[in-house]
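Heads up, the thing below is written out as structure tokens.
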Amino acid sequence: MAEIIQEEKGKKGGKRRPKKYSTRIDMTPMVDLMCLLITFFMLTTAFSKPKVMVITMPEKNKEKDKENEAPKIPKERTLNILLTEGHKVYYYNGLADPKTPPLPTLVKTDFSKDGIRKVLLGRNKDLFSNIFNFHDSITKEKVKMYLYIDDSLKPVFAKGGNKMYKSNDKGASWTSIPGPQITDDDVAVANLLLKESARTEINVAINGTKKRLIRREASISEINPIVDAETKSRKREDMKPHGTGPFVLIKADDKVKYRDIVNIIDEMAICNIAGYAVVDILPIELEMLKDAPK
Amino acid sequence: MPKIKAPARSPHIDMTPMVDLFSLLLTFFMLTTSFRPQEPALVDTPSSISEKQAQDKNIITIMVDSIGRVYFNIDNGKDTTKHIRADILQAMGIEYKIKPPFTKDELKAFSHLGSFGTSIDSLRGWIAPEKWPKSKSHPGLYKRDEFQKAGIPMKDSANYEFKYWIRNARKYNPDAEVAIKGDAGTDYKVIKKIMDILQENNVNKFNLITNLQKEEVKLSDIPTNLTK
């Protein structure tokens with residue numbers, strides 16, 4: 001019925017006009033929906049991948065033949081860290097052998113900044129400052145004043161207590177350098193870095209005697225390939241004198257929490273300890289822990 | 001004086017720029033998203049200074065919660081044509097003489113799932129909890145969590161399932177790296193045991209999952225006078 005009436009009306013009105021619609025669309029529901037979706041994605045996204053700390057354990061020798069025997073570490077370089085319950089850390093230097101008393105005494109420390117880290121940094125001082133200085137000089141883009149010393153001069157330097165003199169560019173007058181004395185490590189680093197071909201000479205006096213020293217400035221781009229080549233060509237035995245850092249043995253008893261192990265390995269990374277291993281605790285060390293200061 | 005009339009403004013706000021912005025954000029999130037995997041237990045990892053990122057493919061993840069329950073996870077690897085998880089489950093089923101053997105549907109369902117911590121006997125229930133037969137003590141429907149209350153058995157040597165999981169995982173995906181996600185408060189001996197088992201299977205490199213916490217030492221931190 002209604003339709004009929006409408007038709008009649010339309011006819012009466014003559015011209016039929018379409019109803020005007022606004023060209024605008026109401027976006028509000030769309031915005032609502034998008035808000036919802038964005039919130040969902042934001043909350044479920046895992047942006048940061050988990051971080052991992054890589055640890056490589058010494059391979060276990062399944063067959064007990066001599067070739068697979070664990071490498072021996074010099075006693076002087078060994079630092080033993082014992083972990084026990086209650087986040088306690090003990091350490092001792094050298095070797096605990098029941099056959100050769102007296103046993104080393106355990107020193108108690110903790111995980112704080114002034115605890116085990118100080119011990120490790122102290123033991124690792126030489127190596128660490130070398131590394132740090134080297135990094136520092138690299139970031140300044142130039143490695144300055146590396147001294148090259150002929151092999152024949154090495155013993156003179158090794159004695160220490162030498163004063164070093166540097167000529168100015170004219171090569172005539174002598175000026176004293178108040179700077180550091182040359183150590184064995186300097187010699188080693190200098191040896192490592194310099195190419196035979198690119199040297200300039202300076203004169204140096206050692207204990208009053210004139211010696212010829214060779215000095216140059218090397219830029220970073222020159223050094224890297226040299227270091228690579230040098231380290232590759234070096235035999236292990238040659239490297240030994242420079243490895244002045246300690247070798248840390250980490251031992252934990254049964255009551256230690258996982259956090260402590262991760263903490264101590266992390267300390268190794270923080271202190272730049274080059275050699276460390278997580279090993280089983282010895283029975284004698286368990287005995288030592290019983291008598292240790294609480 | 002005639003009143004000055006302010007021009008009438010429509011109360012509607014133009015939403016188009018807002019929609020533009022939102023759709024941009026939405027697209028960004030949709031494309032970058034990688035969903036946080038559902039984990040069977042809450043694990044509070046210890047912190048370290050390491051900034052190395054974990055791999056997201058080709059990785060065996062072993063999770064240990066605060067009371068020492070062990071969960072195991074391996075992904076299907078980079079090669080999408082392989083079904084490493086299904087292969088491992090089938091091998092485990094044969095090794096432990098599970099009857100009836102795992103069906104194709106179960107294998108397929110398993111390969112899409114994640115971390116689990118259940119014994120092989122009740123693994124079927126973990127895969128499809130709704131199909132697990134009801135009992136007098138448990139008349140209702142089962143939930144997945146009810147099957148992993150104990151973790152993967154590895155305590156007694158007679159029923160050393162964890163070892164076989166590792167062995168089979170190594171067999172079917174020898175390239176996979178191993179990540180250990182341990183709770184900071186868990187006992188080290190559990191982690192040690194896991195590492196021992198892994199070493200027996202020639203894994204000597206472990207990725208311990210940690211939180212990043214920066215710490216640095218400077219030259220000035222090095223003690224000048226050494227007191228021993």
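Ordering of the structure tokens sets the chain letters (A, B, ...), residue numbers begin anew at 1 in every chain, and ligands are numbered from 1 in the order given.
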
For chain A against chain B, with a cut-off of 8 Å and counting only C-alpha atoms, what is the closest atom pair and its distance in Å to one decimal for every residue that makes the cut, ordered by chain and number, as a tab-separated table?
residue	atom	partner	partner_atom	distance
A:Asp26	CA	B:Met15	CA	7.9
A:Met27	CA	B:Met15	CA	5.8
A:Thr28	CA	B:Met15	CA	7.0
A:Met30	CA	B:Val19	CA	7.4
A:Val31	CA	B:Val19	CA	5.9
A:Met34	CA	B:Phe22	CA	6.3
A:Cys35	CA	B:Phe22	CA	7.2
A:Leu37	CA	B:Leu26	CA	7.1
A:Ile38	CA	B:Leu26	CA	5.4
A:Phe41	CA	B:Phe29	CA	6.0
A:Met42	CA	B:Phe29	CA	6.9
A:Thr44	CA	B:Phe35	CA	5.9
A:Thr45	CA	B:Thr33	CA	5.2
A:Ala46	CA	B:Arg36	CA	5.1
A:Phe47	CA	B:Thr33	CA	7.5
A:Lys49	CA	B:Gln53	CA	6.2
A:Pro50	CA	B:Ala54	CA	5.7
A:Lys51	CA	B:Gln53	CA	4.5
A:Val52	CA	B:Ile209	CA	4.3
A:Met53	CA	B:Leu208	CA	5.0
A:Val54	CA	B:Asn207	CA	4.5
A:Ile55	CA	B:Phe206	CA	5.3
A:Thr56	CA	B:Lys205	CA	4.3
A:Met57	CA	B:Asn204	CA	5.3
A:Pro58	CA	B:Asn204	CA	7.0
A:Glu59	CA	B:Asn204	CA	6.4
A:Lys60	CA	B:Gln199	CA	7.1
A:Lys118	CA	B:Pro223	CA	6.7
A:Leu121	CA	B:Ile222	CA	5.6
A:Gly122	CA	B:Pro223	CA	5.9
A:Lys125	CA	B:Ile222	CA	6.7
A:Ser129	CA	B:Leu219	CA	6.7
A:Phe132	CA	B:Leu219	CA	7.3
A:Asp254	CA	B:Lys189	CA	5.8
A:Lys255	CA	B:Asp187	CA	6.7
A:Val256	CA	B:Tyr188	CA	5.6
A:Lys257	CA	B:Asp187	CA	4.4
A:Tyr258	CA	B:Tyr188	CA	4.4
A:Arg259	CA	B:Ala184	CA	4.4
A:Ile261	CA	B:Tyr188	CA	7.4
A:Val262	CA	B:Pro46	CA	6.9
A:Asn263	CA	B:Ser48	CA	7.0
A:Asp266	CA	B:Ser48	CA	5.7
A:Ala269	CA	B:Ile49	CA	7.7
A:Ile270	CA	B:Glu216	CA	6.5
A:Cys271	CA	B:Val217	CA	7.2

Fill in: Two-atom distance - atom CA of A:Pro101, atom CA of A:Leu82 (Å)
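Straight-line distance from atom CA of A:Pro101 to atom CA of A:Leu82 works out to 19.3 Å.
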
Practice prompt. Using DSSP on the backbone coordinates, identify the residues of stretch 30-157 of chain B assigned to helix (DSSP H, G or I); present them as a ChimeraX atom specification.
Written response: /B:30-32,84-95,104-112,120-127,129-131,144-147,157

Worksheet item: Which residue out of B:Arg144, B:Lys97, B:His112, B:Lys193 has the minimum interatomic distance to B:Asn73 when only C-alpha atoms are used?
Response: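 Of B:Arg144, B:Lys97, B:His112, B:Lys193, the one nearest B:Asn73 is B:His112, counting only C-alpha atoms.
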
Practice prompt. Give me the residues within 8 Å of stretch 274-276 of chain A as JSON, numbers by chain, counting only C-alpha atoms and dropping any in the same chain fewer than 2 places off.
Written response: {"A": [245, 246, 247, 248, 249, 250, 268, 272, 278]}

Generate a file of the selected residues that holds N, CA, C and O atoms, formatted as a short mmCIF file (atom, residue, chain, number, x, y, z; two decimals), in the first residue's frame.
data_model
loop_
_atom_site.label_atom_id
_atom_site.label_comp_id
_atom_site.auth_asym_id
_atom_site.auth_seq_id
_atom_site.Cartn_x
_atom_site.Cartn_y
_atom_site.Cartn_z
N GLY A 245 98.41 -13.05 30.92
CA GLY A 245 97.17 -13.15 31.68
C GLY A 245 97.09 -14.47 32.43
O GLY A 245 97.82 -15.41 32.14
N PRO A 246 96.21 -14.54 33.39
CA PRO A 246 96.06 -15.77 34.14
C PRO A 246 95.22 -16.79 33.38
O PRO A 246 94.56 -16.45 32.40
N PHE A 247 95.28 -18.02 33.82
CA PHE A 247 94.34 -19.01 33.32
C PHE A 247 93.41 -19.36 34.48
O PHE A 247 93.86 -19.79 35.53
N VAL A 248 92.12 -19.11 34.27
CA VAL A 248 91.19 -19.24 35.38
C VAL A 248 90.43 -20.56 35.28
O VAL A 248 89.88 -20.89 34.24
N LEU A 249 90.46 -21.29 36.36
CA LEU A 249 89.67 -22.52 36.43
C LEU A 249 88.47 -22.27 37.33
O LEU A 249 88.62 -21.87 38.49
N ILE A 250 87.29 -22.45 36.78
CA ILE A 250 86.07 -22.21 37.54
C ILE A 250 85.53 -23.54 38.01
O ILE A 250 85.30 -24.44 37.20
N MET A 268 84.49 -13.04 33.42
CA MET A 268 85.62 -13.34 32.53
C MET A 268 85.55 -12.45 31.30
O MET A 268 86.56 -11.93 30.84
N ASN A 272 88.15 -9.39 30.37
CA ASN A 272 88.97 -9.81 29.23
C ASN A 272 89.92 -10.94 29.56
O ASN A 272 91.07 -10.94 29.11
N VAL A 278 85.41 -24.05 32.70
CA VAL A 278 84.58 -24.55 33.79
C VAL A 278 84.90 -26.02 33.94
O VAL A 278 84.69 -26.80 33.02
#

Worksheet item: Which polymer residues have any atom within 12 Å of an atom of B:Gly93, counting only C-alpha atoms, with same-chain residues fewer than 2 positions away left out, as an MDAnalysis selection string?
Response: chainID B and resid 86:91 95:103 106:107 119:124 161 164:165 168

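Assigned to strand (DSSP E or B) in stretch 28-98 of chain A, given DSSP computed from backbone atoms, are A:Thr45, A:Lys51, A:Val52, A:Met53, A:Val54, A:Ile55, A:Thr56, A:Thr78, A:Leu79, A:Asn80, A:Ile81, A:Leu82, A:Leu83, A:Thr84, A:Lys88, A:Val89, A:Tyr90, A:Tyr91, A:Tyr92, A:Asn93.
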
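When only C-alpha atoms are used to measure the gap to B:Phe110, the shortest distance among B:Ile194, B:Leu24, B:Leu42, B:Ile84 belongs to B:Ile84.
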
Discussion item. Using Å and a single decimal, report how far atom CA of B:Ile94 sits from atom CA of B:Ala150.
Written reply: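 Taking atom CA of B:Ala150 and atom CA of B:Ile94, their separation equals 22.7 Å.
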
Practice prompt. Quote the spacing between atom CA of B:Pro17 and atom CA of A:Leu33 in Å to one decimal place.
Written response: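 Answer for the atom CA of B:Pro17 to atom CA of A:Leu33 separation: 15.3 Å.
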
Worksheet item: What lies within 8 Å of B:Ile152 using only C-alpha atoms, ignoring chain neighbours under 2 positions off, as a list of chain:residue names?
Response: B:Arg69, B:Val70, B:Tyr71, B:Phe72, B:Phe116, B:Gly117, B:Thr118, B:Ser119, B:Gln148, B:Ala150, B:Met154, B:Glu161, B:Phe162
